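Below is the file data.cif, which contains mmCIF, C-alpha atoms.
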```
data_target
loop_
_atom_site.label_atom_id
_atom_site.label_comp_id
_atom_site.auth_asym_id
_atom_site.auth_seq_id
_atom_site.Cartn_x
_atom_site.Cartn_y
_atom_site.Cartn_z
CA MET A 16 22.13 60.45 -17.00
CA SER A 17 24.00 63.00 -14.84
CA ASP A 18 25.06 62.37 -11.23
CA ARG A 19 22.12 64.49 -10.12
CA PRO A 20 19.03 63.25 -11.96
CA ARG A 21 16.41 65.67 -13.20
CA LEU A 22 13.59 63.64 -11.68
CA SER A 23 13.32 61.58 -8.52
CA ILE A 24 10.71 58.86 -8.14
CA GLY A 25 9.95 57.85 -4.57
CA LEU A 26 8.61 54.34 -4.06
CA PRO A 27 7.70 53.45 -0.46
CA VAL A 28 6.83 49.78 -0.08
CA TYR A 29 5.76 47.28 2.56
CA ASN A 30 5.13 43.62 1.69
CA GLY A 31 4.61 44.36 -1.98
CA GLU A 32 5.95 41.17 -3.54
CA GLU A 33 2.77 40.38 -5.51
CA TYR A 34 2.96 43.36 -7.89
CA LEU A 35 6.29 45.05 -7.17
CA ALA A 36 8.24 43.55 -10.07
CA GLU A 37 5.56 44.72 -12.53
CA SER A 38 5.82 48.27 -11.22
CA PHE A 39 9.62 48.16 -11.40
CA ASP A 40 9.42 47.02 -15.03
CA ALA A 41 6.93 49.77 -15.88
CA LEU A 42 9.02 52.52 -14.24
CA LEU A 43 12.45 51.39 -15.42
CA GLY A 44 11.12 50.89 -18.95
CA GLN A 45 10.05 54.52 -19.29
CA SER A 46 11.00 56.42 -22.44
CA TYR A 47 12.24 59.27 -20.20
CA GLU A 48 15.38 57.99 -18.48
CA ASP A 49 16.90 60.87 -16.48
CA PHE A 50 15.58 59.80 -13.09
CA GLU A 51 16.47 58.00 -9.89
CA LEU A 52 14.12 55.49 -8.26
CA VAL A 53 14.34 55.89 -4.48
CA VAL A 54 12.92 52.78 -2.82
CA SER A 55 12.31 52.61 0.94
CA ASP A 56 11.40 49.15 2.18
CA ASN A 57 9.37 49.51 5.38
CA ALA A 58 10.77 46.34 7.05
CA SER A 59 8.87 43.99 4.73
CA THR A 60 8.47 40.39 5.86
CA ASP A 61 7.78 38.85 2.43
CA GLY A 62 9.92 38.69 -0.71
CA THR A 63 10.02 42.47 -1.23
CA GLU A 64 13.67 42.83 -0.20
CA ASP A 65 14.87 40.18 -2.66
CA ILE A 66 12.93 41.81 -5.52
CA CYS A 67 14.31 45.26 -4.70
CA ARG A 68 17.89 44.06 -4.45
CA ARG A 69 17.59 42.19 -7.74
CA TYR A 70 16.43 45.31 -9.59
CA ALA A 71 18.99 47.53 -7.83
CA ALA A 72 21.75 45.18 -9.00
CA LYS A 73 20.50 45.44 -12.61
CA ASP A 74 19.86 49.19 -12.81
CA SER A 75 22.01 51.87 -11.16
CA ARG A 76 19.05 54.27 -11.08
CA VAL A 77 17.50 52.20 -8.26
CA ARG A 78 18.53 53.41 -4.78
CA TYR A 79 17.30 50.82 -2.29
CA THR A 80 17.18 51.27 1.47
CA ARG A 81 15.56 49.05 4.07
CA LEU A 82 14.21 50.21 7.42
CA PRO A 83 14.85 48.05 10.51
CA ARG A 84 11.24 48.45 11.67
CA ASN A 85 7.88 49.42 10.18
CA ILE A 86 7.47 53.18 10.68
CA GLY A 87 4.13 53.40 8.88
CA ALA A 88 3.18 54.36 5.34
CA THR A 89 3.12 58.13 5.91
CA PRO A 90 6.63 58.50 7.40
CA ASN A 91 7.90 56.20 4.66
CA HIS A 92 6.33 58.40 1.97
CA ASN A 93 7.97 61.44 3.52
CA ARG A 94 11.24 59.55 3.76
CA VAL A 95 11.57 58.85 0.04
CA PHE A 96 11.07 62.54 -0.69
CA ALA A 97 13.67 63.50 1.92
CA LEU A 98 16.15 61.14 0.21
CA SER A 99 15.44 62.48 -3.27
CA ARG A 100 17.83 64.72 -5.24
CA GLY A 101 15.93 65.78 -8.37
CA GLU A 102 14.36 69.15 -9.15
CA LEU A 103 11.20 67.21 -10.01
CA PHE A 104 9.60 64.54 -7.86
CA LYS A 105 6.96 61.84 -8.22
CA TRP A 106 5.61 59.32 -5.75
CA ALA A 107 4.95 55.86 -7.17
CA SER A 108 2.99 52.96 -5.76
CA HIS A 109 4.38 49.44 -5.73
CA ASP A 110 1.19 47.98 -7.23
CA ASP A 111 0.30 50.51 -9.94
CA LEU A 112 1.27 50.50 -13.63
CA TYR A 113 2.67 53.29 -15.79
CA ALA A 114 2.58 53.66 -19.57
CA ARG A 115 6.04 54.07 -21.10
CA ASP A 116 5.57 57.76 -21.99
CA LEU A 117 4.07 58.90 -18.66
CA LEU A 118 7.22 60.53 -17.30
CA LEU A 119 8.17 62.01 -20.67
CA ARG A 120 4.79 63.68 -21.17
CA CYS A 121 4.71 65.07 -17.63
CA VAL A 122 8.24 66.48 -17.72
CA GLN A 123 7.59 68.03 -21.14
CA ALA A 124 4.39 69.61 -19.81
CA LEU A 125 6.21 71.24 -16.90
CA ASP A 126 9.04 72.46 -19.15
CA GLU A 127 6.56 74.03 -21.56
CA ARG A 128 4.38 75.55 -18.82
CA PRO A 129 6.51 77.17 -16.08
CA GLU A 130 3.40 78.42 -14.29
CA MET A 131 2.26 74.83 -13.63
CA ILE A 132 3.58 73.15 -10.51
CA LEU A 133 2.30 69.60 -11.13
CA ALA A 134 1.67 67.51 -14.24
CA HIS A 135 -0.36 64.32 -14.34
CA THR A 136 -2.10 62.20 -16.98
CA GLY A 137 -5.37 60.46 -17.62
CA GLN A 138 -5.90 57.43 -15.43
CA ALA A 139 -7.96 54.29 -15.08
CA VAL A 140 -8.57 51.81 -12.29
CA ILE A 141 -7.32 48.30 -13.06
CA ASP A 142 -7.89 44.99 -11.30
CA GLY A 143 -5.35 42.53 -9.94
CA ASP A 144 -4.69 41.15 -13.41
CA GLY A 145 -4.06 44.57 -14.91
CA GLN A 146 -7.37 44.78 -16.76
CA VAL A 147 -9.17 48.13 -16.89
CA LYS A 148 -12.21 48.30 -14.58
CA VAL A 149 -13.08 52.00 -14.53
CA PRO A 150 -11.68 54.66 -16.87
CA TYR A 151 -11.75 57.98 -15.04
CA GLU A 152 -12.75 61.27 -16.62
CA TYR A 153 -10.89 64.02 -14.75
CA THR A 154 -13.24 66.92 -14.09
CA LEU A 155 -11.36 68.86 -11.43
CA ALA A 156 -10.53 72.51 -12.16
CA THR A 157 -6.98 72.21 -10.86
CA ASP A 158 -5.69 73.98 -13.98
CA SER A 159 -7.53 77.19 -13.04
CA PRO A 160 -5.32 80.27 -12.51
CA HIS A 161 -7.47 81.08 -9.46
CA ALA A 162 -6.46 79.36 -6.21
CA PRO A 163 -9.96 79.38 -4.63
CA GLU A 164 -11.40 77.63 -7.69
CA ARG A 165 -8.71 74.95 -7.57
CA PHE A 166 -9.39 74.48 -3.87
CA ARG A 167 -13.18 74.33 -4.34
CA SER A 168 -12.83 71.71 -7.05
CA LEU A 169 -10.60 69.49 -4.93
CA LEU A 170 -13.13 69.66 -2.12
CA PHE A 171 -16.25 68.80 -4.10
CA GLU A 172 -15.18 66.64 -7.07
CA PRO A 173 -14.21 62.94 -6.85
CA GLY A 174 -10.42 62.72 -6.48
CA GLY A 175 -8.07 62.26 -9.37
CA ASP A 176 -4.88 60.91 -7.72
CA ASP A 177 -3.01 64.16 -8.29
CA PHE A 178 -0.84 62.88 -5.41
CA TYR A 179 0.93 60.68 -7.97
CA GLY A 180 1.69 63.45 -10.46
CA VAL A 181 5.13 64.85 -11.27
CA LEU A 182 5.74 67.88 -9.04
CA ARG A 183 8.28 70.64 -8.74
CA ALA A 184 10.30 69.61 -5.68
CA ASP A 185 10.77 73.17 -4.46
CA VAL A 186 6.98 73.49 -4.06
CA LEU A 187 6.85 70.26 -2.05
CA ARG A 188 9.44 71.67 0.30
CA ARG A 189 7.22 74.68 0.99
CA VAL A 190 4.18 72.69 2.14
CA LYS A 191 3.63 70.76 5.35
CA PRO A 192 4.75 67.12 4.98
CA LEU A 193 2.11 64.45 4.51
CA ASP A 194 0.27 63.65 7.75
CA SER A 195 -1.49 60.46 8.89
CA TYR A 196 -5.04 61.44 9.92
CA HIS A 197 -8.00 60.25 7.83
CA HIS A 198 -7.76 61.51 4.22
CA ALA A 199 -4.57 63.46 4.96
CA ASP A 200 -3.56 62.96 1.32
CA ARG A 201 -6.52 65.16 0.29
CA THR A 202 -5.51 68.07 2.50
CA PHE A 203 -1.92 67.62 1.32
CA VAL A 204 -2.87 67.89 -2.36
CA ALA A 205 -5.19 70.81 -1.59
CA GLU A 206 -2.33 72.72 0.00
CA ILE A 207 -0.11 72.03 -3.02
CA ALA A 208 -2.88 73.31 -5.30
CA LEU A 209 -3.01 76.58 -3.36
CA HIS A 210 0.57 77.20 -4.53
CA GLY A 211 -0.18 76.87 -8.24
CA PRO A 212 -2.16 75.14 -11.02
CA PHE A 213 -1.87 71.56 -12.27
CA HIS A 214 -1.70 70.40 -15.88
CA GLN A 215 -3.32 67.21 -17.07
CA VAL A 216 -1.73 65.50 -20.05
CA PRO A 217 -4.69 64.38 -22.22
CA GLU A 218 -3.53 60.77 -22.55
CA LEU A 219 -4.43 57.68 -20.52
CA LEU A 220 -1.03 56.74 -19.09
CA TYR A 221 -1.57 55.91 -15.41
CA PHE A 222 -3.25 52.72 -14.17
CA ARG A 223 -4.15 52.55 -10.47
CA ARG A 224 -4.59 49.00 -9.25
CA ASP A 225 -7.52 48.09 -7.00
CA HIS A 226 -7.19 44.71 -5.27
CA PRO A 227 -8.09 43.11 -1.91
CA ALA A 228 -4.64 43.71 -0.37
CA ARG A 229 -4.62 47.42 -1.27
CA ALA A 230 -4.25 49.51 1.88
CA GLU A 231 -7.81 50.93 1.82
CA ARG A 232 -9.33 47.50 1.17
CA ALA A 233 -7.19 45.70 3.76
CA ASN A 234 -7.92 48.38 6.39
CA PRO A 235 -11.67 49.09 6.02
CA THR A 236 -12.15 51.39 9.04
CA LYS A 237 -10.91 54.96 9.38
CA ARG A 238 -8.94 54.06 12.47
CA SER A 239 -7.25 50.99 10.97
CA ARG A 240 -6.26 52.99 7.90
CA CYS A 241 -4.65 55.65 10.06
CA VAL A 242 -2.79 53.04 12.11
CA ASN A 243 -1.46 51.65 8.82
CA LEU A 244 -0.34 55.17 7.91
CA ASP A 245 1.42 55.61 11.25
CA PRO A 246 1.51 52.98 14.07
CA ARG A 247 1.56 55.79 16.62
CA ARG A 248 -2.12 56.34 15.78
CA ALA A 249 -2.95 53.04 17.54
CA GLY A 250 -2.93 54.58 21.01
CA PRO A 251 -5.96 55.80 22.99
CA LEU A 252 -5.13 59.43 22.21
CA HIS A 253 -6.21 58.98 18.58
CA PRO A 254 -9.94 58.07 18.50
CA THR A 255 -11.82 58.38 15.23
CA PRO A 256 -13.43 61.77 16.10
CA ARG A 257 -9.95 63.24 16.56
CA LEU A 258 -8.80 61.85 13.22
CA LEU A 259 -11.80 63.45 11.49
CA ALA A 260 -11.29 66.74 13.31
CA GLU A 261 -7.66 66.76 12.18
CA TYR A 262 -8.89 66.27 8.62
CA VAL A 263 -10.96 69.45 8.71
CA ALA A 264 -8.27 71.31 10.62
CA GLY A 265 -5.80 70.25 7.93
CA PHE A 266 -7.74 72.21 5.31
CA VAL A 267 -7.91 75.24 7.59
CA ALA A 268 -4.17 75.12 8.21
CA ALA A 269 -3.44 74.70 4.50
CA ILE A 270 -5.41 77.87 3.71
CA ARG A 271 -3.66 79.73 6.50
CA ARG A 272 -0.16 78.73 5.34
CA ALA A 273 -0.67 79.24 1.59
CA PRO A 274 0.60 82.37 -0.22
CA LEU A 275 -2.87 83.85 -0.83
CA SER A 276 -4.34 87.31 -0.94
CA SER A 277 -6.82 88.19 1.81
CA ALA A 278 -9.70 87.94 -0.68
CA ASP A 279 -8.60 84.51 -1.92
CA ARG A 280 -8.14 83.28 1.63
CA ARG A 281 -11.68 84.33 2.54
CA ALA A 282 -13.02 82.64 -0.60
CA CYS A 283 -11.27 79.38 0.35
CA TYR A 284 -12.76 79.50 3.85
CA ARG A 285 -16.24 79.98 2.32
CA HIS A 286 -15.72 76.96 0.06
CA LEU A 287 -14.58 74.91 3.05
CA ALA A 288 -17.68 75.89 5.04
CA ALA A 289 -19.94 74.90 2.13
CA TRP A 290 -18.10 71.58 1.78
CA MET A 291 -18.52 70.78 5.47
CA ALA A 292 -22.25 71.42 5.18
CA SER A 293 -22.43 69.17 2.09
CA ARG A 294 -20.90 66.13 3.81
CA ALA A 295 -24.26 65.21 5.34
CA ARG A 296 -25.86 64.77 1.92
CA PRO A 297 -26.37 61.32 0.34
CA GLY A 298 -23.59 60.32 -2.04
CA ALA A 299 -20.91 62.46 -0.40
CA GLY A 300 -17.43 60.99 -0.54
CA GLU A 301 -17.82 58.92 -3.72
CA ARG A 302 -14.77 56.85 -4.62
CA VAL A 303 -13.90 56.26 -8.27
CA GLU A 304 -12.88 52.63 -7.69
CA ASP A 305 -16.37 51.85 -6.34
CA ARG A 306 -18.10 52.79 -9.58
CA ALA A 307 -19.60 50.03 -11.72
CA PRO A 308 -16.96 48.36 -13.93
CA VAL A 309 -16.98 49.24 -17.62
CA ASP A 310 -17.98 46.66 -20.23
CA PRO A 311 -14.66 45.15 -21.42
CA ASP A 312 -15.95 45.01 -25.00
CA ARG A 313 -16.28 48.81 -25.04
CA LEU A 314 -12.67 49.49 -24.06
CA THR A 315 -10.35 51.02 -26.64
CA VAL A 316 -7.21 51.02 -24.49
CA SER A 317 -4.78 48.13 -24.02
CA VAL A 318 -2.73 48.19 -20.83
CA ASP A 319 -0.46 45.49 -22.26
CA ALA A 320 0.33 47.63 -25.30
CA LEU A 321 1.13 50.75 -23.25
CA VAL A 322 3.02 49.49 -20.20
CA PRO A 323 6.65 48.32 -20.36
CA GLY A 324 7.13 44.73 -19.30
CA ARG A 325 3.68 43.59 -20.38
CA GLU A 326 4.41 43.18 -24.09
CA GLY A 327 2.79 40.10 -25.53
CA ARG A 328 0.52 39.34 -22.59
CA GLY A 329 -2.60 39.86 -24.64
CA ALA A 330 -1.31 37.83 -27.57
#
```

Full structure transcribed into structure tokens:
Amino acid sequence: MSDRPRLSIGLPVYNGEEYLAESFDALLGQSYEDFELVVSDNASTDGTEDICRRYAAKDSRVRYTRLPRNIGATPNHNRVFALSRGELFKWASHDDLYARDLLLRCVQALDERPEMILAHTGQAVIDGDGQVKVPYEYTLATDSPHAPERFRSLLFEPGGDDFYGVLRADVLRRVKPLDSYHHADRTFVAEIALHGPFHQVPELLYFRRDHPARAERANPTKRSRCVNLDPRRAGPLHPTPRLLAEYVAGFVAAIRRAPLSSADRRACYRHLAAWMASRARPGAGERVEDRAPVDPDRLTVSVDALVPGREGRGA
């Protein structure tokens, strides 16, 4: 690996001791090796620091820093990107799992398709033990050459965790950093999509873990989630109606900032108006992880066979 890695992986973490070592094993065991793993510990109070230092001592690709106080999940996500050096970038979660060829397939896809600005793979939701609960069929039209169609799809279709794809870092530098109002990650991805299409690698290589301590589960209200994203949201100036208004305003601002033609900009505003009207309908805002679990006997994928560090678990 060169002094300046091709790819940077940013891993923000707070009190992640339960699953962190598994994620480290999965990332450091990737078949694609030209990357740095930038870890920012948000003043964890559990065993996170010891785990991080142990892996940093074993693998020079791990760059570990620890914050003196908890700055919130959103500033910590932005921090790992600010510390990154690669021409490609990927956020990683401390509790998710990654098949050994995930990085390789995504980097290859971007090399072969210069018009694409993000590459991601098929995904499934797993439980705390790493067993598949819900395989997810990605139906978003984020590969469309037309920006309004990509934007419309991200508004109306259940999300696909494009946030955790491999991105071209220069595009990330052209969009507004991640914010901390309710669903700010959705407006963030929508703005990225207005800059160019995404490519999905047709292989199931990403496993998103759903468990009781996951941020959305541990913080069930909109307000508590936003306070987790940024403690400054705890004050009286940030009531829930403001957080929701910022969400809508975030889409408007993304359209305004994006490099669009006048016709495309108007089309995006029309899609946004239709989406706002649709939010009152039953079933709006469906989450993939809340779907009924799949029958284990019908699964054809083995997480243990695909993810580094889990070899032999199913034996």

When you look at range 137-150 of chain A with a cut-off of 6 Å (counting all atoms listed in the file), what residues show up, excluding the ones that are within fewer than 4 positions of it in the same chain? I need them as an MDAnalysis selection string. chainID A and resid 218:226 308:309

Shell around range 163-168 of chain A at 12 Å using only C-alpha atoms, local window under 6 positions removed, as a PyMOL selection string: chain A and resi 153-157+174-175+201-214+266-267+269-270+273-291

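The shortest atom-to-atom distance to Ala41 in chain A, with only C-alpha atoms taken into account, belongs to A:Leu117 out of A:Leu117, A:Ala88, A:Leu193, A:Leu82.
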
CA of Val263 in chain A and CA of Phe171 in chain A, how far apart in Å? 13.9 Å

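The residues returned by the PyMOL selection byres ((chain A and resi 67) around 10) for this structure are Val28, Glu32, Leu35, Ala36, Phe39, Val54, Ser55, Asp56, Gly62, Thr63, Glu64, Asp65, Ile66, Arg68, Arg69, Tyr70, Ala71, Ala72, Val77, Arg78, Tyr79, Thr80 and Arg81 of chain A.
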
Residue list as an NGL selection string for point (6.9, 52.7, 9.5), cut-off 12 Å, all atoms listed in the file: :A and (27-29 or 55-59 or 81-94 or 195 or 241-248)

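Proximity of A:Pro129, A:Arg325, A:Ala230, A:Val122 to Asn30 in chain A, computed with all atoms listed in the file, is greatest for A:Ala230.
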
Just how far from CA of Thr136 in chain A is CA of Asp158 in chain A, in Å to one decimal? 12.7 Å

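CA of Leu133 in chain A lies 23.7 Å from CA of Tyr196 in chain A.
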
Could range 163-174 of chain A be completed with all heavy atoms and written as a compact mmCIF listing (two decimals), in the coordinates of the input, please?
```txt
# COMPACT_ATOMS: atom_id res chain seq x y z
N PRO A 163 -8.71 79.84 -5.26
CA PRO A 163 -9.96 79.38 -4.63
C PRO A 163 -10.74 78.39 -5.50
O PRO A 163 -11.37 77.47 -4.97
CB PRO A 163 -10.74 80.68 -4.42
CG PRO A 163 -9.70 81.74 -4.32
CD PRO A 163 -8.64 81.31 -5.30
N GLU A 164 -10.70 78.56 -6.82
CA GLU A 164 -11.40 77.63 -7.69
C GLU A 164 -10.74 76.26 -7.67
O GLU A 164 -11.41 75.22 -7.67
CB GLU A 164 -11.46 78.18 -9.11
CG GLU A 164 -12.08 77.23 -10.14
CD GLU A 164 -13.52 76.82 -9.81
OE1 GLU A 164 -14.19 77.50 -9.00
OE2 GLU A 164 -13.98 75.81 -10.37
N ARG A 165 -9.40 76.23 -7.66
CA ARG A 165 -8.71 74.95 -7.57
C ARG A 165 -9.06 74.26 -6.26
O ARG A 165 -9.33 73.05 -6.21
CB ARG A 165 -7.19 75.15 -7.67
CG ARG A 165 -6.72 75.76 -8.96
CD ARG A 165 -5.22 75.65 -9.14
NE ARG A 165 -4.44 76.34 -8.12
CZ ARG A 165 -4.04 77.61 -8.19
NH1 ARG A 165 -4.37 78.33 -9.26
NH2 ARG A 165 -3.32 78.17 -7.24
N PHE A 166 -9.08 75.02 -5.19
CA PHE A 166 -9.39 74.48 -3.87
C PHE A 166 -10.83 73.96 -3.81
O PHE A 166 -11.09 72.85 -3.33
CB PHE A 166 -9.16 75.57 -2.82
CG PHE A 166 -9.34 75.12 -1.41
CD1 PHE A 166 -8.40 74.31 -0.79
CD2 PHE A 166 -10.47 75.50 -0.68
CE1 PHE A 166 -8.57 73.90 0.53
CE2 PHE A 166 -10.64 75.09 0.64
CZ PHE A 166 -9.68 74.29 1.24
N ARG A 167 -11.77 74.75 -4.33
CA ARG A 167 -13.18 74.33 -4.34
C ARG A 167 -13.36 73.02 -5.09
O ARG A 167 -14.07 72.11 -4.65
CB ARG A 167 -14.04 75.42 -5.00
CG ARG A 167 -15.55 75.12 -4.99
CD ARG A 167 -16.25 75.72 -6.17
NE ARG A 167 -15.76 75.18 -7.43
CZ ARG A 167 -16.10 73.98 -7.90
NH1 ARG A 167 -16.92 73.19 -7.22
NH2 ARG A 167 -15.62 73.56 -9.05
N SER A 168 -12.70 72.90 -6.23
CA SER A 168 -12.83 71.71 -7.05
C SER A 168 -12.30 70.48 -6.33
O SER A 168 -12.91 69.41 -6.36
CB SER A 168 -12.09 71.92 -8.37
OG SER A 168 -12.26 70.81 -9.22
N LEU A 169 -11.16 70.62 -5.66
CA LEU A 169 -10.60 69.49 -4.93
C LEU A 169 -11.48 69.07 -3.76
O LEU A 169 -11.50 67.89 -3.39
CB LEU A 169 -9.19 69.84 -4.42
CG LEU A 169 -8.09 69.76 -5.49
CD1 LEU A 169 -6.84 70.49 -5.04
CD2 LEU A 169 -7.77 68.30 -5.79
N LEU A 170 -12.22 70.00 -3.20
CA LEU A 170 -13.13 69.66 -2.12
C LEU A 170 -14.34 68.87 -2.61
O LEU A 170 -14.74 67.88 -1.99
CB LEU A 170 -13.62 70.94 -1.43
CG LEU A 170 -12.66 71.68 -0.51
CD1 LEU A 170 -13.29 72.99 -0.06
CD2 LEU A 170 -12.30 70.83 0.71
N PHE A 171 -14.93 69.31 -3.71
CA PHE A 171 -16.25 68.80 -4.10
C PHE A 171 -16.23 67.70 -5.16
O PHE A 171 -17.18 66.93 -5.25
CB PHE A 171 -17.12 69.96 -4.59
CG PHE A 171 -17.62 70.84 -3.50
CD1 PHE A 171 -16.98 72.03 -3.18
CD2 PHE A 171 -18.73 70.48 -2.76
CE1 PHE A 171 -17.44 72.84 -2.17
CE2 PHE A 171 -19.21 71.29 -1.73
CZ PHE A 171 -18.56 72.48 -1.43
N GLU A 172 -15.20 67.62 -5.99
CA GLU A 172 -15.18 66.64 -7.07
C GLU A 172 -14.49 65.35 -6.62
O GLU A 172 -13.58 65.39 -5.79
CB GLU A 172 -14.45 67.20 -8.29
CG GLU A 172 -15.08 68.45 -8.87
CD GLU A 172 -16.42 68.17 -9.52
OE1 GLU A 172 -16.64 67.01 -9.95
OE2 GLU A 172 -17.25 69.08 -9.59
N PRO A 173 -14.91 64.19 -7.17
CA PRO A 173 -14.21 62.94 -6.85
C PRO A 173 -12.73 63.07 -7.20
O PRO A 173 -12.37 63.63 -8.23
CB PRO A 173 -14.90 61.90 -7.75
CG PRO A 173 -16.25 62.48 -8.01
CD PRO A 173 -16.05 63.97 -8.07
N GLY A 174 -11.87 62.54 -6.35
CA GLY A 174 -10.42 62.72 -6.48
C GLY A 174 -9.84 62.15 -7.76
O GLY A 174 -10.40 61.24 -8.37
```
